[in-house]
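Novice: So that you have it, the file is upload_3.txt, and it contains compact mmCIF, C-alpha atoms and all ligand atoms:
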# COMPACT_ATOMS: atom_id res chain seq x y z
CA MET A 1 0.00 0.00 0.00
CA THR A 2 1.41 3.43 -0.85
CA LYS A 3 1.82 5.89 2.00
CA LYS A 4 -0.55 8.86 1.88
CA TYR A 5 1.19 12.21 2.22
CA ASN A 6 -0.52 15.35 3.24
CA LYS A 7 1.03 18.06 1.04
CA ASN A 8 3.81 17.94 -1.49
CA ILE A 9 6.40 20.70 -1.12
CA LEU A 10 9.36 21.85 -3.21
CA LEU A 11 11.79 23.46 -0.78
CA THR A 12 14.94 25.35 -1.82
CA GLY A 13 17.80 25.90 0.62
CA GLY A 14 16.89 22.82 2.68
CA ALA A 15 20.51 22.19 3.66
CA GLY A 16 20.63 25.55 5.44
CA TYR A 17 19.78 26.53 9.00
CA ILE A 18 16.13 27.55 8.61
CA GLY A 19 15.19 25.51 5.51
CA SER A 20 16.38 22.26 7.11
CA THR A 21 14.47 23.00 10.33
CA VAL A 22 11.26 23.60 8.38
CA ALA A 23 11.89 20.49 6.24
CA HIS A 24 12.17 18.31 9.37
CA ASP A 25 8.99 19.80 10.85
CA LEU A 26 7.06 19.37 7.59
CA ILE A 27 8.05 15.71 7.36
CA LYS A 28 7.16 15.18 11.02
CA SER A 29 3.69 16.58 10.26
CA GLY A 30 3.23 14.09 7.42
CA HIS A 31 4.13 16.21 4.40
CA LYS A 32 6.38 15.20 1.53
CA VAL A 33 9.44 17.36 0.91
CA THR A 34 11.75 17.63 -2.09
CA ILE A 35 14.85 19.74 -1.53
CA ILE A 36 17.01 21.65 -3.99
CA ASP A 37 20.24 23.03 -2.56
CA ASN A 38 23.63 23.61 -4.19
CA LEU A 39 25.38 23.27 -0.79
CA SER A 40 27.15 26.60 -1.32
CA THR A 41 26.62 27.44 2.36
CA GLY A 42 24.49 24.45 3.39
CA TYR A 43 25.32 21.10 4.98
CA LYS A 44 24.08 17.75 3.73
CA ASN A 45 23.92 16.44 7.30
CA LEU A 46 21.11 18.86 8.11
CA ILE A 47 18.81 17.44 5.43
CA PRO A 48 16.15 15.05 6.77
CA SER A 49 16.75 11.48 5.56
CA LYS A 50 13.12 11.22 4.43
CA ALA A 51 13.38 14.24 2.12
CA GLU A 52 14.24 13.72 -1.53
CA PHE A 53 17.39 15.75 -2.16
CA TYR A 54 18.80 17.22 -5.36
CA LYS A 55 22.19 18.90 -5.18
CA ALA A 56 21.50 21.61 -7.70
CA ASP A 57 21.34 25.33 -8.21
CA ILE A 58 17.89 26.91 -8.22
CA CYS A 59 18.70 28.06 -11.75
CA ASP A 60 19.31 24.57 -13.07
CA HIS A 61 16.29 24.35 -15.36
CA LYS A 62 17.18 20.82 -16.49
CA ILE A 63 16.84 19.50 -12.94
CA LEU A 64 13.82 21.72 -12.25
CA LYS A 65 12.05 20.39 -15.33
CA LYS A 66 12.68 16.81 -14.25
CA ILE A 67 11.44 17.39 -10.70
CA ILE A 68 8.50 19.72 -11.25
CA LYS A 69 7.02 17.77 -14.17
CA SER A 70 6.97 14.49 -12.27
CA LYS A 71 5.86 15.59 -8.80
CA ASN A 72 2.70 17.66 -8.80
CA PHE A 73 3.81 20.02 -6.01
CA ASP A 74 1.25 21.94 -3.97
CA LEU A 75 3.61 24.75 -3.10
CA VAL A 76 7.19 26.12 -3.12
CA MET A 77 9.06 27.26 -0.04
CA HIS A 78 11.99 29.35 -1.24
CA PHE A 79 14.77 29.72 1.37
CA ALA A 80 17.86 29.53 -0.86
CA ALA A 81 19.91 32.72 -0.65
CA PHE A 82 23.13 34.21 0.62
CA VAL A 83 22.48 35.75 4.02
CA LYS A 84 25.44 37.69 5.35
CA VAL A 85 24.91 41.45 5.60
CA ASP A 86 28.61 42.31 5.98
CA GLU A 87 29.59 40.15 3.00
CA SER A 88 26.86 41.79 0.92
CA VAL A 89 28.36 45.21 1.66
CA LYS A 90 31.72 44.00 0.31
CA LYS A 91 30.27 41.97 -2.59
CA PRO A 92 26.93 43.53 -3.60
CA LYS A 93 26.89 41.93 -7.07
CA LYS A 94 27.20 38.44 -5.60
CA TYR A 95 24.00 39.10 -3.59
CA PHE A 96 22.15 40.78 -6.43
CA TYR A 97 22.85 37.85 -8.72
CA ASN A 98 22.28 34.90 -6.37
CA ASN A 99 19.37 36.30 -4.38
CA TYR A 100 17.50 38.37 -6.94
CA ILE A 101 18.38 37.32 -10.51
CA LYS A 102 18.36 33.61 -9.65
CA THR A 103 15.12 33.90 -7.66
CA LYS A 104 13.47 35.55 -10.68
CA SER A 105 14.69 32.81 -12.97
CA PHE A 106 13.63 30.06 -10.53
CA LEU A 107 10.18 31.43 -9.84
CA ASN A 108 9.47 32.26 -13.48
CA TYR A 109 10.26 28.64 -14.28
CA CYS A 110 7.94 27.44 -11.50
CA PHE A 111 5.12 29.69 -12.77
CA LYS A 112 5.62 28.37 -16.31
CA GLN A 113 5.14 24.84 -14.98
CA GLY A 114 1.96 25.85 -13.12
CA LEU A 115 3.61 25.80 -9.71
CA ASN A 116 2.27 29.10 -8.47
CA LYS A 117 1.99 29.14 -4.68
CA ILE A 118 5.08 30.48 -2.93
CA ILE A 119 6.26 30.99 0.59
CA PHE A 120 9.22 33.34 0.39
CA SER A 121 11.89 33.97 3.04
CA SER A 122 12.36 37.68 3.40
CA THR A 123 13.93 39.71 6.14
CA ALA A 124 13.20 42.51 8.59
CA SER A 125 16.15 44.37 7.08
CA VAL A 126 13.93 45.38 4.14
CA TYR A 127 12.49 48.05 6.49
CA GLY A 128 15.85 49.71 7.15
CA ASN A 129 16.27 51.86 10.22
CA LYS A 130 13.00 52.59 12.01
CA LYS A 131 12.33 54.22 15.37
CA LYS A 132 9.41 52.08 16.47
CA LYS A 133 7.93 48.64 15.88
CA VAL A 134 7.35 48.06 12.19
CA LYS A 135 4.11 47.02 10.51
CA GLU A 136 4.03 45.17 7.22
CA LYS A 137 2.62 48.21 5.42
CA ASN A 138 5.54 50.46 6.49
CA LYS A 139 7.79 51.90 3.82
CA LEU A 140 10.75 49.74 2.79
CA LEU A 141 14.18 51.35 3.03
CA PRO A 142 16.75 48.55 2.62
CA ALA A 143 19.97 49.57 4.35
CA ASN A 144 22.40 47.14 2.71
CA PRO A 145 22.79 45.10 -0.52
CA TYR A 146 21.44 41.92 1.14
CA ALA A 147 18.25 43.74 2.17
CA LEU A 148 18.04 45.31 -1.29
CA SER A 149 18.25 41.90 -2.97
CA LYS A 150 15.32 40.68 -0.82
CA THR A 151 13.31 43.86 -1.45
CA LYS A 152 13.70 43.32 -5.18
CA CYS A 153 12.51 39.72 -4.84
CA GLU A 154 9.47 40.90 -2.90
CA LYS A 155 8.62 43.43 -5.63
CA PHE A 156 9.03 40.78 -8.30
CA ILE A 157 6.66 38.44 -6.43
CA LEU A 158 4.07 41.19 -5.85
CA ASN A 159 4.21 42.05 -9.53
CA ALA A 160 3.80 38.39 -10.52
CA ASP A 161 0.68 38.29 -8.34
CA HIS A 162 -0.68 41.40 -10.12
CA LYS A 163 -0.16 39.56 -13.41
CA LYS A 164 -2.10 36.61 -11.90
CA LYS A 165 0.90 34.33 -12.12
CA CYS A 166 1.02 33.39 -8.43
CA LYS A 167 -0.22 33.70 -4.85
CA TYR A 168 2.32 34.18 -2.09
CA VAL A 169 3.09 34.49 1.58
CA ILE A 170 6.16 36.64 2.18
CA LEU A 171 7.62 36.09 5.63
CA ARG A 172 9.86 38.87 6.95
CA TYR A 173 12.02 37.21 9.59
CA PHE A 174 13.48 39.21 12.45
CA ASN A 175 16.58 37.78 14.19
CA VAL A 176 16.37 34.02 13.99
CA ALA A 177 18.23 32.08 16.68
CA GLY A 178 18.35 28.87 18.69
CA SER A 179 18.00 25.20 17.82
CA PRO A 180 15.04 22.82 17.93
CA GLN A 181 14.71 20.70 21.09
CA ASN A 182 15.75 17.53 19.22
CA LEU A 183 18.97 19.28 18.09
CA LYS A 184 18.58 17.83 14.59
CA THR A 185 19.33 21.19 13.02
CA GLY A 186 20.99 24.45 13.91
CA LEU A 187 23.25 27.14 12.57
CA ILE A 188 26.56 26.01 11.12
CA THR A 189 28.87 28.59 9.61
CA LYS A 190 32.60 28.84 9.22
CA GLU A 191 32.57 32.56 10.01
CA ALA A 192 29.80 33.46 12.44
CA THR A 193 28.15 36.84 11.99
CA HIS A 194 24.95 36.15 13.97
CA LEU A 195 25.23 37.63 17.46
CA ILE A 196 24.10 34.56 19.45
CA LYS A 197 26.13 32.16 17.30
CA LYS A 198 29.26 34.25 17.81
CA LEU A 199 28.65 34.45 21.55
CA CYS A 200 28.29 30.66 21.75
CA LYS A 201 31.62 30.20 19.99
CA PHE A 202 33.36 32.52 22.48
CA ILE A 203 31.65 30.92 25.47
CA LEU A 204 32.77 27.48 24.30
CA GLY A 205 36.39 28.45 24.03
CA LYS A 206 37.08 30.81 21.13
CA LYS A 207 40.03 32.98 22.14
CA GLY A 208 40.18 36.78 22.12
CA THR A 209 37.83 39.66 22.80
CA PHE A 210 34.17 39.65 21.80
CA TYR A 211 33.42 42.95 20.06
CA ILE A 212 30.05 44.71 20.04
CA TYR A 213 29.63 46.83 16.91
CA GLY A 214 28.65 50.33 18.01
CA ASN A 215 27.67 51.83 21.35
CA ASN A 216 26.50 55.18 20.07
CA TYR A 217 23.08 54.26 18.64
CA PRO A 218 20.13 56.27 20.00
CA THR A 219 18.99 53.35 22.18
CA LYS A 220 18.77 52.71 25.94
CA ASP A 221 22.40 51.55 26.26
CA GLY A 222 23.77 52.73 22.91
CA THR A 223 23.86 49.23 21.34
CA PRO A 224 21.41 48.13 18.61
CA ILE A 225 17.96 46.79 19.56
CA ARG A 226 16.77 43.52 18.03
CA ASP A 227 13.81 41.13 18.14
CA PHE A 228 14.84 37.45 18.42
CA ILE A 229 12.64 34.58 17.29
CA HIS A 230 13.33 30.90 18.02
CA VAL A 231 13.82 28.89 14.83
CA SER A 232 11.15 26.35 15.87
CA ASP A 233 8.50 29.07 16.23
CA LEU A 234 9.57 30.45 12.86
CA SER A 235 9.26 26.97 11.40
CA LYS A 236 5.73 26.69 12.79
CA LEU A 237 4.91 29.98 11.05
CA HIS A 238 5.84 28.38 7.72
CA ILE A 239 3.44 25.51 8.31
CA LEU A 240 0.68 27.92 9.36
CA SER A 241 1.39 30.08 6.28
CA MET A 242 1.22 27.04 4.03
CA LYS A 243 -2.18 26.09 5.45
CA TYR A 244 -3.38 29.69 5.09
CA LEU A 245 -2.24 29.97 1.48
CA LEU A 246 -3.68 26.63 0.40
CA LYS A 247 -6.98 27.27 2.18
CA TYR A 248 -7.65 30.91 1.24
CA ASN A 249 -5.52 31.31 -1.92
CA LYS A 250 -4.80 34.84 -0.70
CA SER A 251 -1.45 36.66 -0.79
CA GLN A 252 -0.06 38.07 2.45
CA ILE A 253 3.07 39.60 3.95
CA PHE A 254 3.81 38.76 7.58
CA ASN A 255 6.37 39.99 10.11
CA CYS A 256 7.91 37.06 11.99
CA GLY A 257 9.08 38.23 15.39
CA TYR A 258 7.90 38.22 18.99
CA GLY A 259 7.86 42.03 19.19
CA LYS A 260 10.25 41.96 22.17
CA GLU A 261 13.12 44.41 22.39
CA TYR A 262 16.62 43.32 23.44
CA SER A 263 19.76 45.38 23.12
CA VAL A 264 22.91 43.63 21.92
CA LEU A 265 24.48 44.35 25.31
CA GLU A 266 21.54 42.71 27.10
CA ILE A 267 21.98 39.60 24.95
CA VAL A 268 25.70 39.46 25.78
CA LYS A 269 24.93 39.73 29.49
CA THR A 270 22.15 37.11 29.31
CA ALA A 271 24.46 34.70 27.48
CA LEU A 272 27.15 35.17 30.12
CA LYS A 273 24.66 34.60 32.93
CA ASN A 274 23.51 31.36 31.27
CA SER A 275 27.00 30.05 30.65
CA LYS A 276 28.67 31.03 33.93
CA LYS A 277 31.83 31.53 31.84
CA LYS A 278 33.96 34.62 31.67
CA LEU A 279 34.12 36.51 28.44
CA LYS A 280 36.15 39.57 27.56
CA PHE A 281 33.99 41.97 25.60
CA ASN A 282 34.52 45.47 24.30
CA PHE A 283 32.98 47.96 21.89
CA THR A 284 34.15 48.79 18.41
CA LYS A 285 32.81 51.00 15.62
CA ARG A 286 29.43 50.37 13.98
CA ARG A 287 29.26 47.70 11.29
CA LYS A 288 28.33 48.95 7.81
CA GLY A 289 24.76 48.01 6.87
CA ASP A 290 23.55 47.58 10.47
CA VAL A 291 20.52 49.47 11.76
CA GLY A 292 19.90 50.74 15.31
CA TYR A 293 16.43 49.37 15.87
CA ALA A 294 14.55 46.43 14.32
CA VAL A 295 11.50 45.12 16.19
CA ALA A 296 8.30 43.60 14.80
CA ASP A 297 4.74 44.62 15.28
CA ASN A 298 3.45 41.04 15.08
CA SER A 299 -0.28 41.66 15.38
CA LYS A 300 -0.87 40.39 11.83
CA ILE A 301 0.51 36.87 12.41
CA LYS A 302 -1.52 36.67 15.59
CA LYS A 303 -4.68 37.70 13.77
CA TYR A 304 -4.37 35.76 10.51
CA LEU A 305 -2.30 32.73 11.54
CA LYS A 306 -3.48 32.53 15.17
CA PHE A 307 0.20 32.31 16.07
CA LYS A 308 0.99 31.31 19.65
CA PRO A 309 4.75 31.19 20.25
CA LYS A 310 6.12 28.25 22.26
CA PHE A 311 9.73 29.34 22.72
CA ASN A 312 9.39 33.05 23.43
CA ASN A 313 12.10 33.18 26.06
CA ILE A 314 15.57 34.59 25.48
CA ASP A 315 17.25 32.32 28.08
CA LEU A 316 15.77 29.28 26.39
CA ILE A 317 16.85 30.53 22.94
CA ILE A 318 20.43 31.08 24.08
CA LYS A 319 20.60 27.77 25.98
CA SER A 320 19.37 25.86 22.92
CA ALA A 321 21.97 27.62 20.75
CA LEU A 322 24.68 26.65 23.23
CA LYS A 323 23.55 23.01 23.23
CA TRP A 324 23.71 22.98 19.44
CA GLU A 325 27.17 24.58 19.44
CA LYS A 326 28.43 21.84 21.76
CA LYS A 327 27.01 19.21 19.42
CA VAL A 328 28.65 20.85 16.39
CA LEU A 329 32.00 20.91 18.19
CA TYR A 330 31.94 17.14 18.61
CA LYS A 331 30.35 16.06 15.36
CA ASN A 332 31.86 16.64 11.94
CA TYR A 333 29.22 18.54 10.02
CA LEU A 334 31.37 19.49 7.06
CA ASN A 335 30.52 17.71 3.84
N1 LIG A 401 19.15 33.46 9.54
C1 LIG A 401 18.48 34.57 9.74
O1 LIG A 401 18.52 35.18 10.83
C2 LIG A 401 17.60 35.12 8.64
C3 LIG A 401 16.94 36.34 8.87
C4 LIG A 401 16.12 36.86 7.87
C5 LIG A 401 15.94 36.16 6.68
N2 LIG A 401 16.61 34.98 6.47
C6 LIG A 401 16.38 34.28 5.18
O2 LIG A 401 16.11 32.91 5.44
C7 LIG A 401 16.60 32.09 4.36
C8 LIG A 401 17.42 30.96 4.93
O3 LIG A 401 18.50 31.51 5.69
P1 LIG A 401 19.49 30.60 6.54
O4 LIG A 401 19.87 31.40 7.73
O5 LIG A 401 18.91 29.25 6.68
O6 LIG A 401 20.76 30.57 5.56
P2 LIG A 401 21.72 29.35 5.17
O7 LIG A 401 22.91 29.93 4.51
O8 LIG A 401 21.93 28.46 6.34
O9 LIG A 401 20.84 28.56 4.11
C9 LIG A 401 20.71 28.96 2.77
C10 LIG A 401 20.76 27.71 1.91
O10 LIG A 401 20.54 28.05 0.55
C11 LIG A 401 21.48 27.36 -0.27
N3 LIG A 401 21.67 28.17 -1.50
C12 LIG A 401 22.11 29.45 -1.58
N4 LIG A 401 22.08 29.85 -2.86
C13 LIG A 401 21.61 28.81 -3.60
C14 LIG A 401 21.35 28.62 -4.99
N5 LIG A 401 21.58 29.57 -5.90
N6 LIG A 401 20.86 27.41 -5.41
C15 LIG A 401 20.63 26.42 -4.51
N7 LIG A 401 20.86 26.54 -3.18
C16 LIG A 401 21.34 27.73 -2.74
C17 LIG A 401 22.72 27.22 0.59
O11 LIG A 401 23.58 26.17 0.19
C18 LIG A 401 22.12 27.00 1.98
O12 LIG A 401 21.93 25.63 2.24
C19 LIG A 401 17.36 33.04 3.44
O13 LIG A 401 16.55 33.34 2.33
C20 LIG A 401 17.60 34.28 4.29
O14 LIG A 401 17.68 35.44 3.51
C21 LIG A 401 17.43 34.45 7.42
Using the file provided, produce a representation of the structure as structure tokens.
Specialist:
Amino acid sequence: MTKKYNKNILLTGGAGYIGSTVAHDLIKSGHKVTIIDNLSTGYKNLIPSKAEFYKADICDHKILKKIIKSKNFDLVMHFAAFVKVDESVKKPKKYFYNNYIKTKSFLNYCFKQGLNKIIFSSTASVYGNKKKKVKEKNKLLPANPYALSKTKCEKFILNADHKKKCKYVILRYFNVAGSPQNLKTGLITKEATHLIKKLCKFILGKKGTFYIYGNNYPTKDGTPIRDFIHVSDLSKLHILSMKYLLKYNKSQIFNCGYGKEYSVLEIVKTALKNSKKKLKFNFTKRRKGDVGYAVADNSKIKKYLKFKPKFNNIDLIIKSALKWEKKVLYKNYLN
């Protein structure tokens, strides 16, 4: 007897931090997942064994043709992208090409094949620097080439909807952190730029001084304010978005954050309290492309997706990231 799957999903970037977490959760909920990832920054070990995996670029139309024609997908979740703000400042063309040009090519191909429901990974950085919590309708002012590449993708998707080529849910993630309780996935990167990831590396033995970029922002302690969301809650938001899109066939943009404000300095102090280790930290100049304040107004996900966070606790987020970091130290995740 053949096994009955719930929904059939094409997922790009499934060897990455967030894509792999969502892929595991989808499979656990009974869905079928096919992953395309070129492993440029991803790790094969993060991919669920029950997913069908194709090591390919999202622009590889030969592979896309083979997969899309034979599978009858319900929906695409598009995570594949380069994600480092500081790298994008140094290499803007690399981000423009991989994140925007390739997304256009990939999605146009999907639309041509009749695959026209998308969940797209966007970012809070499309808003740029704002003084208060942002709503989805706020003006976009991307502050760096990474954010610009995502803003351009959003515009392309909105335009495709106007031309009746697709329906979408665009998810604007705030700062994603932590690892799922089962520690099957987590953030792996040779050069950490995420605050909590970097802190974990220092706490677990990285030598030297931990630097905070900028202490002259107009915030309570001069360091930037951020809104952290646990990767498992973010993953849940993808499943809720999928259900929403397939049920209502209505396009939406949603902020994905808890709407809680933490300064970078507060996060450093919380991490130290949780680790009981000493850490030398100091301040250095602002990092290009960073903004002073990025916090979500999340009333829309509460209203439309009935979102109830399960891991909305900064201690828990940091502890889970530390557990993952310990696991990564002892297991060889490089492929
Ligand atoms: N991590 C965050 O805090 C954060 C915040 C906001 C938005 N996002 C968005 O979430 C998505 C996933 O981010 P992540 O943190 O998991 O990053 P990641 O680097 O861990 O994962 C990205 C994956 O995409 C793959 N990839 C990149 N370009 C590709 C291409 N052309 N063809 C095929 N595969 C390709 C990589 O190999 C990698 O496995 C990205 O779109 C990112 O912009 C992440």
Novice: Which residue, A:Thr193, A:Asn108, A:Asn129, A:Asn116, has the smallest gap to ligand LIG 401 (chain A) when you use all atoms listed in the file?
Specialist: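 Checking each candidate against ligand LIG 401 (chain A), we get A:Thr193 as the closest.
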Novice: Once you count all atoms listed in the file, which residues end up within 8 Å of ligand LIG 401 (chain A), and could you hand them over as a short mmCIF file (atom, residue, chain, number, x, y, z; two decimals) with C-alpha atoms, in the frame of the given file?
Specialist:
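What ended up in result_18.cif:
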data_model
loop_
_atom_site.label_atom_id
_atom_site.label_comp_id
_atom_site.auth_asym_id
_atom_site.auth_seq_id
_atom_site.Cartn_x
_atom_site.Cartn_y
_atom_site.Cartn_z
CA THR A 12 14.94 25.35 -1.82
CA GLY A 13 17.80 25.90 0.62
CA GLY A 14 16.89 22.82 2.68
CA ALA A 15 20.51 22.19 3.66
CA GLY A 16 20.63 25.55 5.44
CA TYR A 17 19.78 26.53 9.00
CA ILE A 18 16.13 27.55 8.61
CA GLY A 19 15.19 25.51 5.51
CA SER A 20 16.38 22.26 7.11
CA ILE A 36 17.01 21.65 -3.99
CA ASP A 37 20.24 23.03 -2.56
CA ASN A 38 23.63 23.61 -4.19
CA LEU A 39 25.38 23.27 -0.79
CA SER A 40 27.15 26.60 -1.32
CA THR A 41 26.62 27.44 2.36
CA GLY A 42 24.49 24.45 3.39
CA TYR A 43 25.32 21.10 4.98
CA LYS A 55 22.19 18.90 -5.18
CA ALA A 56 21.50 21.61 -7.70
CA ASP A 57 21.34 25.33 -8.21
CA ILE A 58 17.89 26.91 -8.22
CA CYS A 59 18.70 28.06 -11.75
CA HIS A 78 11.99 29.35 -1.24
CA PHE A 79 14.77 29.72 1.37
CA ALA A 80 17.86 29.53 -0.86
CA ALA A 81 19.91 32.72 -0.65
CA PHE A 82 23.13 34.21 0.62
CA VAL A 83 22.48 35.75 4.02
CA ASN A 98 22.28 34.90 -6.37
CA ASN A 99 19.37 36.30 -4.38
CA LYS A 102 18.36 33.61 -9.65
CA THR A 103 15.12 33.90 -7.66
CA PHE A 120 9.22 33.34 0.39
CA SER A 121 11.89 33.97 3.04
CA SER A 122 12.36 37.68 3.40
CA THR A 123 13.93 39.71 6.14
CA ALA A 124 13.20 42.51 8.59
CA SER A 125 16.15 44.37 7.08
CA TYR A 146 21.44 41.92 1.14
CA LYS A 150 15.32 40.68 -0.82
CA ARG A 172 9.86 38.87 6.95
CA TYR A 173 12.02 37.21 9.59
CA PHE A 174 13.48 39.21 12.45
CA ASN A 175 16.58 37.78 14.19
CA VAL A 176 16.37 34.02 13.99
CA ALA A 177 18.23 32.08 16.68
CA LEU A 187 23.25 27.14 12.57
CA ILE A 188 26.56 26.01 11.12
CA THR A 189 28.87 28.59 9.61
CA HIS A 194 24.95 36.15 13.97
#
Novice: Calculated over all atoms listed in the file, which of the candidates A:Lys139, A:His238, A:Lys132, A:Lys104 has the smallest distance to Ile170 in chain A?
Specialist: A:His238
Novice: Using all atoms listed in the file, which residue out of A:Gly178, A:Gly186, A:Gly214, A:Gly205 lies closest to Ala321 in chain A?
Specialist: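 Of all the options, A:Gly178 lies closest to Ala321 in chain A.
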Novice: Find, counting only C-alpha atoms, the residue in A:Cys256, A:Tyr262, A:Leu204, A:Val134 that gets nearest to Lys220 in chain A.
Specialist: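 With only C-alpha atoms as the atom set, the closest residue is A:Tyr262.
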Novice: Do you have, as JSON lines, the list of residues of range 29-136 of chain A lying at most 8 Å from range 240-247 of chain A, each with its nearest atom pair and that distance in Å to one decimal, counting only C-alpha atoms and ordered by chain then number?
Specialist:
{"residue": "A:Leu75", "atom": "CA", "partner": "A:Met242", "partner_atom": "CA", "distance": 7.9}
{"residue": "A:Lys117", "atom": "CA", "partner": "A:Leu245", "partner_atom": "CA", "distance": 7.5}
{"residue": "A:Ile119", "atom": "CA", "partner": "A:Met242", "partner_atom": "CA", "distance": 7.3}
Novice: If you measure from CA of Thr151 in chain A to CA of Ala296 in chain A, what distance in Å do you get, rounded to one decimal?
Specialist: 17.0 Å
Novice: To one decimal place in Å, what is the distance between CA of Ser232 in chain A and CA of Ile314 in chain A?
Specialist: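 Separation between CA of Ser232 in chain A and CA of Ile314 in chain A: 13.4 Å.
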Novice: Which value, in Å to one decimal, gives the distance between CA of Arg287 in chain A and CA of Tyr213 in chain A?
Specialist: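 Here the two named atoms are 5.7 Å from each other.
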Novice: Ser235 in chain A: which residues within 8 Å, counting all atoms listed in the file, same-chain residues fewer than 2 positions away excluded, as number ranges by chain?
Specialist: A: 18, 21-22, 25, 231-233, 237-239
Novice: Kindly save the residues from that selection, with C-alpha atoms included, as a PDB file, keeping the file's coordinate frame.
Specialist:
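Below you can see out.pdb, which holds the result:
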ATOM      1  CA  ILE A  18      16.130  27.550   8.610  1.00  0.00           C
ATOM      2  CA  THR A  21      14.470  23.000  10.330  1.00  0.00           C
ATOM      3  CA  VAL A  22      11.260  23.600   8.380  1.00  0.00           C
ATOM      4  CA  ASP A  25       8.990  19.800  10.850  1.00  0.00           C
ATOM      5  CA  VAL A 231      13.820  28.890  14.830  1.00  0.00           C
ATOM      6  CA  SER A 232      11.150  26.350  15.870  1.00  0.00           C
ATOM      7  CA  ASP A 233       8.500  29.070  16.230  1.00  0.00           C
ATOM      8  CA  LEU A 237       4.910  29.980  11.050  1.00  0.00           C
ATOM      9  CA  HIS A 238       5.840  28.380   7.720  1.00  0.00           C
ATOM     10  CA  ILE A 239       3.440  25.510   8.310  1.00  0.00           C
TER      11      ILE A 239
END
Novice: Choose the residue, out of A:Ala147, A:Leu10, A:Cys110, A:Ile63, that has the smallest atom-to-atom separation from Gly289 in chain A; count all atoms listed in the file.
Specialist: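 Of A:Ala147, A:Leu10, A:Cys110, A:Ile63, the one nearest Gly289 in chain A is A:Ala147, counting all atoms listed in the file.
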Novice: Could you check which of A:Phe283, A:Tyr97, A:Phe202, A:Phe111 is closest to Cys166 in chain A, using only C-alpha atoms?
Specialist: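 Between A:Phe283, A:Tyr97, A:Phe202, A:Phe111, the residue approaching Cys166 in chain A most closely is A:Phe111.
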Novice: Please identify all polymer residues within 7 Å of Val264 in chain A, counting all atoms listed in the file, omitting same-chain residues fewer than 5 positions from it, and present them as a list in words.
Specialist: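 So the residues in contact are Thr223, Pro224 and Ile225 of chain A.
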Novice: Kindly provide, as a ChimeraX atom specification, the polymer residues lying within 8 Å of (25.6, 32.3, 22.4), counting all atoms listed in the file and using the coordinates exactly as they appear in the file.
Specialist: /A:195-203,268,271,318-319,321-322
Novice: Can you pull out the residues contacting Lys167 in chain A? Cut-off 7 Å, using only C-alpha atoms, and skip same-chain residues under 4 positions away; I want them as a list in words.
Specialist: Asn116, Lys117, Ile118, Asp161, Asn249, Lys250 and Ser251 of chain A
